[in-house]
Amino acid sequence: MNRKHFLQAIFAAIILLLEFLLCRFILFDWHGMKDFPLLLFFSV
């Protein structure tokens with residue numbers, strides 16, 4: 001894997017982590033479903 005692909009993979013992982021945090025702490029908190037995004041995160 002060259003440097004460009006490595007940086008793209010790191011960037012994609014950071015974006016996925018930010019989306020997870022957004023869903024976990026902001027969106028699902030409104031509905032009281034805080035554990036649901038965590039279950040989805042570990043099921044992948």
# chains A, B, ... in the order shown; residues from 1 in each chain; ligands from 1
$ select_by_dssp --residues "chain A" --states "alpha helix (DSSP H)" --output "ChimeraX atom specification"
/A:3-22,28-31,35-43
$ atom_distance --atom1 "atom CA of A:His5" --atom2 "atom CA of A:Phe42"
24.2 Å
$ residues_around --residues "A:Asp35" --least-positions-apart "3" --cutoff "8 Å" --atoms "only C-alpha atoms" --output "list in words"
Arg24, Leu38 and Leu39 of chain A
$ write_last_selection --atoms "C-alpha atoms" --output "compact mmCIF listing (two decimals), in the first residue's frame"
# COMPACT_ATOMS: atom_id res chain seq x y z
CA ARG A 24 -24.15 8.45 19.32
CA LEU A 38 -22.59 1.27 19.56
CA LEU A 39 -24.15 -2.06 18.59
$ atom_distance --atom1 "atom CA of A:Phe20" --atom2 "atom CA of A:Leu40"
9.4 Å
